Protein chains: 2
Amino acid sequence: MGLYSEILEQPEVLSNLLARQMKEVERIASALRQHEIRYVFLAARGTSDNAGRYANYLWGAYNRLPLALATPSLFTYYHRPPALSQALVVGVSQSGQSPDIVSVLAEGRRNGCPTLAITNNPHSPLAEEADYVLDICAGQEKAVAATKTYTAELMAIAMLSVALAGDRERLKELESVPLWAQQALKLDEHLQRISERYRFLRQCVVLGRGFNYSTAFEFSLKLKELTYTLAEPYSSADFMHGPIAMVEQGFPVMAVAPGGAVFDGLLEVLRKVRVEENADLLVISDRPEALELAQSRVPLPGGIPEWLTPIISIIPAQLFCYHLTVTKGFDPEAPRVIRKVTETT
Amino acid sequence: MGLYSEILEQPEVLSNLLARQMKEVERIASALRQHEIRYVFLAARGTSDNAGRYANYLWGAYNRLPLALATPSLFTYYHRPPALSQALVVGVSQSGQSPDIVSVLAEGRRNGCPTLAITNNPHSPLAEEADYVLDICAGQEKAVAATKTYTAELMAIAMLSVALAGDRERLKELESVPLWAQQALKLDEHLQRISERYRFLRQCVVLGRGFNYSTAFEFSLKLKELTYTLAEPYSSADFMHGPIAMVEQGFPVMAVAPGGAVFDGLLEVLRKVRVEENADLLVISDRPEALELAQSRVPLPGGIPEWLTPIISIIPAQLFCYHLTVTKGFDPEAPRVIRKVTETT
């Protein structure tokens, strides 16, 4: 019950988050503008780390903020944290419990940096350590595999980008996200049918680039957690620097390729793996040139501005992973080994 | 001829680099000390990106420099680069040719940031764009798969760390690297025998943490490029946040686990996958507790300080990949699809 219904809840969660938290995000943004911030230092694990990858591109492109992903072991095991100054220190965590993420915020605070927690639990240790708390208001997430808290984290990151830039046009675009999410959910039956073709999938790569580099990572994490498929995410550029050697006749390649600035480059890579290497392609896209290349076509709703596509393009990927889990005879509510809250140090 | 002999050349390459370039590195370090540097912004692809991961930990731990890995598509496709200020902008590239890496340095320069190229070609476009050039002096690399230029890049990164910190004790430790590299090469026959066991390996994960997070990435990149095995690298902490679900009876796990600050945490994960999940383990380590867990044991020379272990622990991994390529009947000099110089934008 948990996973599937949480996937379906997403339009409501996103709409609720925007309605309840946009004012608070604007308050946080104006407080942050009082600080001289040269870069963002962001700590997260698992699904939240993939949300961090979205922040890396979005805040870089629209807020001109360089972003460094933290290496928590320098803070915990080595006790040799880098010197943080004039940095916005951000922790992203659904539960707000993981000690390594909390310790990065604590170090930021000791260094006089502003600290921000993006979390589903505003009373967690992470929230308590932060100067500013952005509650993603996603409601309890029962499934072990995160879905609605991922898109809510992306939405929170997008809201903060808009608020920091004071950008009215993008604020309007944000308001359409719940509707697009609703449209994406209509792919449910189509994805159930497609998933059957992948009953014996054991391994694959997942390609994305730019804003949807995050989507490639999150799609592959769901494939691993739920279907136990060894799925490795790549930017299409990194893929060309070596790993493309693995592709042989029938090698499964998944691609997240909505239209946008990186589309032509990604399309060229897809053509190469499909036409020259005879790979087997699943493509999530709103562009016919990309969909036509694929054996499995997942058409996205049209008209979504590129910067918001990651919030929508992950939804069919979640549905696909859910159905594939069932098709493979696994239990989507009880993945092997992992627990909901993982406390790493 | 190329790949194998280039692996064997490494002690000489490392010793040569230290002898020829330490003075120049000290000159660069004292010039850099004139700048106010709050963080490092580093651009690289493929093998050089893995060298960048080493810099992330090493410069963070010993030079207190936070490090952000660049997202080149923001510079090339999106034309929306983040604002770089008070950053040291570094490009790492064997060939110095890739336009996306060059464009990150160009942007750094436009923003008045000091720029550094770490490259095997001091007359490349990357070197021409940089204020400071650290020539890794590895000689021509003929093999498509990079080996000696990887360890030379790590050595250059270590030399710069020592020079920036003015650390005489670590400088002495650096001088032993060529000797340890020589000792590691003695594992050659042992690794040839071990490689036979992996004739039908199709997929695996490679675990490492802290300084050797870089080694896990580079080991898995060589497995992909040369043996076409889908090998996914993980920090042991990220692995616990989901992907561990993939591990079932006999699942192949490779681990780079030399003694040091992160050893106990990594050992705990290895025990879990070996004892509870019955995974199949290959371990590269100087610690008996880790080696004893494994079906395939790769003993490292003892006495290497943890910060230098990545330069040595990759060497048996390179030899293993070379022999596995031959065992699988592939050509180590001509990996499918990829070329020596990959120019991505």
# chains A, B, ... in the order shown; residues from 1 in each chain; ligands from 1
>>> interface_residues(of="chain B", to="chain A", cutoff="8 Å", atoms="only C-alpha atoms", output="ChimeraX atom specification")
/B:38,45-46,56-57,60-69,71,73-74,77-78,80-86,203,209-210,221,224-230,232,237-238,240-247,261-262,335-338,342,344-345
>>> residues_around(residues="A:Arg199", least_positions_apart="4", cutoff="9 Å", atoms="only C-alpha atoms", output="JSON, numbers by chain")
{"A": [195, 324, 325, 327, 328]}
>>> write_last_selection(atoms="N, CA and C atoms", output="PDB file, in the first residue's frame")
ATOM      1  N   SER A 195       6.794  -2.468 -18.112  1.00  0.00           N
ATOM      2  CA  SER A 195       7.657  -3.096 -17.102  1.00  0.00           C
ATOM      3  C   SER A 195       7.819  -4.597 -17.345  1.00  0.00           C
ATOM      4  N   LEU A 324       7.835  -2.830 -12.001  1.00  0.00           N
ATOM      5  CA  LEU A 324       8.871  -3.831 -12.259  1.00  0.00           C
ATOM      6  C   LEU A 324       9.120  -4.680 -11.004  1.00  0.00           C
ATOM      7  N   THR A 325       9.055  -4.042  -9.842  1.00  0.00           N
ATOM      8  CA  THR A 325       9.237  -4.784  -8.582  1.00  0.00           C
ATOM      9  C   THR A 325       8.175  -5.876  -8.458  1.00  0.00           C
ATOM     10  N   THR A 327       6.349  -7.118 -10.976  1.00  0.00           N
ATOM     11  CA  THR A 327       6.579  -8.059 -12.073  1.00  0.00           C
ATOM     12  C   THR A 327       7.651  -9.090 -11.731  1.00  0.00           C
ATOM     13  N   LYS A 328       8.697  -8.625 -11.063  1.00  0.00           N
ATOM     14  CA  LYS A 328       9.795  -9.524 -10.695  1.00  0.00           C
ATOM     15  C   LYS A 328       9.446 -10.377  -9.471  1.00  0.00           C
TER      16      LYS A 328
END
>>> select_by_dssp(residues="stretch 61-301 of chain A", states="strand (DSSP E or B)", output="PyMOL selection string")
chain A and resi 67-69+87-93+115-119+132-135+203-208+230-235+252-256+280-285+296-299
>>> write_last_selection(atoms="C-alpha atoms", output="short mmCIF file (atom, residue, chain, number, x, y, z; two decimals), in the first residue's frame")
data_model
loop_
_atom_site.label_atom_id
_atom_site.label_comp_id
_atom_site.auth_asym_id
_atom_site.auth_seq_id
_atom_site.Cartn_x
_atom_site.Cartn_y
_atom_site.Cartn_z
CA LEU A 67 27.88 24.16 -4.95
CA ALA A 68 30.17 21.68 -3.22
CA LEU A 69 28.80 18.31 -2.13
CA ALA A 87 29.37 29.41 2.62
CA LEU A 88 25.71 28.56 2.95
CA VAL A 89 25.76 25.15 4.64
CA VAL A 90 22.77 22.98 3.70
CA GLY A 91 21.70 19.58 4.99
CA VAL A 92 19.01 17.64 3.11
CA SER A 93 17.44 14.66 4.89
CA THR A 115 22.89 26.84 7.99
CA LEU A 116 19.74 25.49 6.35
CA ALA A 117 17.95 22.17 6.90
CA ILE A 118 15.61 20.83 4.20
CA THR A 119 13.75 18.05 5.95
CA TYR A 132 16.76 28.02 8.95
CA VAL A 133 14.44 25.07 8.50
CA LEU A 134 12.55 24.34 5.32
CA ASP A 135 9.90 21.77 6.23
CA GLN A 203 21.79 -4.53 -15.08
CA CYS A 204 21.56 -1.29 -17.03
CA VAL A 205 22.85 2.25 -17.24
CA VAL A 206 20.72 5.36 -16.78
CA LEU A 207 21.70 8.50 -18.69
CA GLY A 208 20.76 12.09 -18.00
CA LEU A 230 22.53 -2.99 -10.91
CA ALA A 231 21.73 0.34 -12.53
CA GLU A 232 24.50 2.86 -12.90
CA PRO A 233 23.73 6.54 -13.53
CA TYR A 234 25.83 8.69 -15.84
CA SER A 235 25.93 12.09 -17.37
CA PRO A 252 19.87 -1.93 -21.70
CA VAL A 253 20.16 1.86 -21.57
CA MET A 254 17.58 4.06 -19.84
CA ALA A 255 17.59 7.77 -20.65
CA VAL A 256 15.94 10.81 -19.14
CA ASP A 280 18.12 -1.53 -26.02
CA LEU A 281 16.66 1.86 -25.12
CA LEU A 282 14.01 3.13 -22.72
CA VAL A 283 13.50 6.88 -23.13
CA ILE A 284 11.59 9.33 -20.94
CA SER A 285 11.10 12.47 -23.01
CA SER A 296 10.27 1.56 -24.76
CA ARG A 297 8.80 5.04 -25.02
CA VAL A 298 7.69 7.08 -22.03
CA PRO A 299 6.19 10.35 -23.26
#
>>> atom_distance(atom1="atom CA of B:Leu32", atom2="atom CA of B:Glu173")
23.2 Å
>>> residues_around(residues="B:Met155", least_positions_apart="6", cutoff="9 Å", atoms="only C-alpha atoms", output="PyMOL selection string")
chain B and resi 14+17-18+136+174+177+308+311
>>> write_last_selection(atoms="C-alpha atoms", output="PDB file, in the first residue's frame")
ATOM      1  CA  LEU B  14      56.268   8.699  -9.821  1.00  0.00           C
ATOM      2  CA  LEU B  17      57.639  13.411 -11.238  1.00  0.00           C
ATOM      3  CA  LEU B  18      58.730  14.045  -7.665  1.00  0.00           C
ATOM      4  CA  ILE B 136      52.704  15.489 -14.530  1.00  0.00           C
ATOM      5  CA  LEU B 174      56.047  11.233  -0.404  1.00  0.00           C
ATOM      6  CA  VAL B 177      55.807   6.317  -2.836  1.00  0.00           C
ATOM      7  CA  LEU B 308      49.070   8.086   0.332  1.00  0.00           C
ATOM      8  CA  ILE B 311      48.376   6.049  -5.108  1.00  0.00           C
TER       9      ILE B 311
END
>>> select_by_dssp(residues="stretch 274-342 of chain B", states="helix (DSSP H, G or I)", output="list in words")
Arg274, Val275, Glu276, Pro288, Glu289, Ala290, Leu291, Glu306, Trp307, Leu308, Thr309, Pro310, Ile311, Ile312, Ser313, Ile314, Ile315, Pro316, Ala317, Gln318, Leu319, Phe320, Cys321, Tyr322, His323, Leu324, Thr325, Val326 and Thr327 of chain B
>>> residues_around(residues="stretch 120-130 of chain B", least_positions_apart="4", cutoff="12 Å", atoms="only C-alpha atoms", output="tab-separated table (two decimals) with N, CA and C atoms, in the first residue's frame")
chain	number	residue	atom	x	y	z
B	13	VAL	N	57.77	6.56	-13.14
B	13	VAL	CA	57.04	7.80	-13.44
B	13	VAL	C	56.86	8.64	-12.17
B	17	LEU	N	58.50	12.24	-11.47
B	17	LEU	CA	57.64	13.41	-11.24
B	17	LEU	C	58.07	14.16	-9.98
B	28	ILE	N	54.51	27.17	-7.32
B	28	ILE	CA	53.07	27.37	-7.53
B	28	ILE	C	52.38	27.59	-6.19
B	43	ALA	N	37.39	20.93	-12.30
B	43	ALA	CA	36.73	20.33	-13.47
B	43	ALA	C	37.58	19.22	-14.04
B	44	ALA	N	36.95	18.08	-14.32
B	44	ALA	CA	37.67	16.93	-14.88
B	44	ALA	C	36.64	15.93	-15.38
B	48	SER	N	40.52	11.39	-14.73
B	48	SER	CA	40.97	12.61	-14.06
B	48	SER	C	39.95	13.10	-13.04
B	88	LEU	N	39.98	28.83	-6.13
B	88	LEU	CA	41.05	28.32	-6.97
B	88	LEU	C	40.38	27.39	-7.99
B	89	VAL	N	40.51	27.73	-9.29
B	89	VAL	CA	39.84	26.93	-10.32
B	89	VAL	C	40.87	25.98	-10.95
B	90	VAL	N	40.58	24.69	-10.85
B	90	VAL	CA	41.53	23.66	-11.27
B	90	VAL	C	40.93	22.81	-12.38
B	91	GLY	N	41.70	22.56	-13.43
B	91	GLY	CA	41.31	21.60	-14.46
B	91	GLY	C	42.30	20.45	-14.45
B	92	VAL	N	41.80	19.22	-14.42
B	92	VAL	CA	42.68	18.05	-14.47
B	92	VAL	C	42.36	17.28	-15.74
B	93	SER	N	43.36	17.08	-16.59
B	93	SER	CA	43.14	16.37	-17.85
B	93	SER	C	44.46	15.87	-18.40
B	94	GLN	N	44.53	14.58	-18.67
B	94	GLN	CA	45.74	14.01	-19.24
B	94	GLN	C	46.11	14.76	-20.52
B	95	SER	N	45.16	14.84	-21.44
B	95	SER	CA	45.45	15.42	-22.75
B	95	SER	C	45.35	16.94	-22.76
B	96	GLY	N	44.57	17.48	-21.82
B	96	GLY	CA	44.35	18.93	-21.81
B	96	GLY	C	43.52	19.42	-22.98
B	97	GLN	N	42.77	18.50	-23.62
B	97	GLN	CA	42.06	18.85	-24.86
B	97	GLN	C	40.56	19.10	-24.70
B	98	SER	N	39.91	18.54	-23.65
B	98	SER	CA	38.46	18.52	-23.66
B	98	SER	C	37.88	19.94	-23.50
B	99	PRO	N	37.08	20.37	-24.50
B	99	PRO	CA	36.61	21.76	-24.51
B	99	PRO	C	35.83	22.16	-23.26
B	100	ASP	N	35.07	21.20	-22.67
B	100	ASP	CA	34.27	21.58	-21.50
B	100	ASP	C	35.16	21.92	-20.30
B	101	ILE	N	36.26	21.19	-20.14
B	101	ILE	CA	37.16	21.45	-19.02
B	101	ILE	C	37.87	22.79	-19.24
B	102	VAL	N	38.29	23.03	-20.48
B	102	VAL	CA	38.94	24.30	-20.81
B	102	VAL	C	38.00	25.47	-20.53
B	103	SER	N	36.71	25.30	-20.83
B	103	SER	CA	35.78	26.42	-20.67
B	103	SER	C	35.56	26.77	-19.19
B	104	VAL	N	35.70	25.80	-18.31
B	104	VAL	CA	35.59	26.11	-16.88
B	104	VAL	C	36.77	26.98	-16.43
B	105	LEU	N	37.97	26.63	-16.89
B	105	LEU	CA	39.14	27.45	-16.54
B	105	LEU	C	39.02	28.86	-17.13
B	106	ALA	N	38.53	28.94	-18.36
B	106	ALA	CA	38.38	30.25	-18.99
B	106	ALA	C	37.44	31.14	-18.18
B	107	GLU	N	36.35	30.54	-17.68
B	107	GLU	CA	35.39	31.30	-16.87
B	107	GLU	C	36.04	31.73	-15.56
B	108	GLY	N	36.81	30.85	-14.94
B	108	GLY	CA	37.52	31.20	-13.71
B	108	GLY	C	38.43	32.39	-13.93
B	109	ARG	N	39.14	32.35	-15.03
B	109	ARG	CA	40.06	33.45	-15.35
B	109	ARG	C	39.30	34.76	-15.57
B	110	ARG	N	38.20	34.71	-16.32
B	110	ARG	CA	37.39	35.92	-16.53
B	110	ARG	C	36.93	36.52	-15.21
B	112	GLY	N	38.62	36.50	-12.48
B	112	GLY	CA	39.74	36.91	-11.66
B	112	GLY	C	40.20	35.87	-10.65
B	113	CYS	N	39.79	34.62	-10.84
B	113	CYS	CA	40.26	33.55	-9.94
B	113	CYS	C	41.59	33.00	-10.44
B	114	PRO	N	42.47	32.59	-9.54
B	114	PRO	CA	43.67	31.89	-9.99
B	114	PRO	C	43.29	30.54	-10.60
B	115	THR	N	43.96	30.16	-11.70
B	115	THR	CA	43.61	28.92	-12.39
B	115	THR	C	44.83	28.02	-12.50
B	116	LEU	N	44.59	26.72	-12.32
B	116	LEU	CA	45.67	25.73	-12.33
B	116	LEU	C	45.30	24.57	-13.24
B	134	LEU	N	50.81	22.47	-13.85
B	134	LEU	CA	51.55	21.40	-13.19
B	134	LEU	C	51.63	20.23	-14.18
B	135	ASP	N	52.79	20.11	-14.81
B	135	ASP	CA	53.02	19.06	-15.81
B	135	ASP	C	53.31	17.77	-15.05
B	136	ILE	N	52.51	16.73	-15.29
B	136	ILE	CA	52.70	15.49	-14.53
B	136	ILE	C	53.83	14.62	-15.10
B	137	CYS	N	54.41	15.03	-16.24
B	137	CYS	CA	55.64	14.42	-16.76
B	137	CYS	C	55.57	12.90	-16.85
B	138	ALA	N	54.43	12.35	-17.25
B	138	ALA	CA	54.28	10.89	-17.26
B	138	ALA	C	54.75	10.26	-18.57
B	139	GLY	N	55.17	11.08	-19.50
B	139	GLY	CA	55.54	10.54	-20.81
B	139	GLY	C	54.28	10.16	-21.58
B	140	GLN	N	54.46	9.87	-22.87
B	140	GLN	CA	53.29	9.56	-23.69
B	140	GLN	C	52.56	8.33	-23.15
B	141	GLU	N	51.24	8.43	-23.04
B	141	GLU	CA	50.44	7.27	-22.63
B	141	GLU	C	49.79	6.72	-23.89
B	146	ALA	N	43.73	4.80	-19.06
B	146	ALA	CA	44.77	5.54	-18.33
B	146	ALA	C	45.19	4.79	-17.08
B	148	LYS	N	49.19	5.07	-15.72
B	148	LYS	CA	50.30	5.85	-15.14
B	148	LYS	C	49.93	7.34	-15.02
B	149	THR	N	49.08	7.83	-15.90
B	149	THR	CA	48.73	9.25	-15.75
B	149	THR	C	47.78	9.44	-14.56
B	150	TYR	N	47.01	8.40	-14.20
B	150	TYR	CA	46.16	8.51	-13.00
B	150	TYR	C	47.02	8.62	-11.74
B	151	THR	N	47.96	7.69	-11.56
B	151	THR	CA	48.78	7.76	-10.34
B	151	THR	C	49.66	9.02	-10.36
B	152	ALA	N	50.08	9.46	-11.55
B	152	ALA	CA	50.86	10.70	-11.61
B	152	ALA	C	50.00	11.91	-11.23
B	153	GLU	N	48.72	11.91	-11.64
B	153	GLU	CA	47.83	13.00	-11.23
B	153	GLU	C	47.65	12.99	-9.70
B	156	ALA	N	50.75	14.38	-8.15
B	156	ALA	CA	50.82	15.83	-8.31
B	156	ALA	C	49.90	16.51	-7.28
B	343	GLU	N	36.67	14.34	-26.59
B	343	GLU	CA	36.38	15.76	-26.49
B	343	GLU	C	34.90	15.98	-26.30
>>> atom_distance(atom1="atom CA of A:Ser15", atom2="atom CA of A:Pro178")
5.5 Å
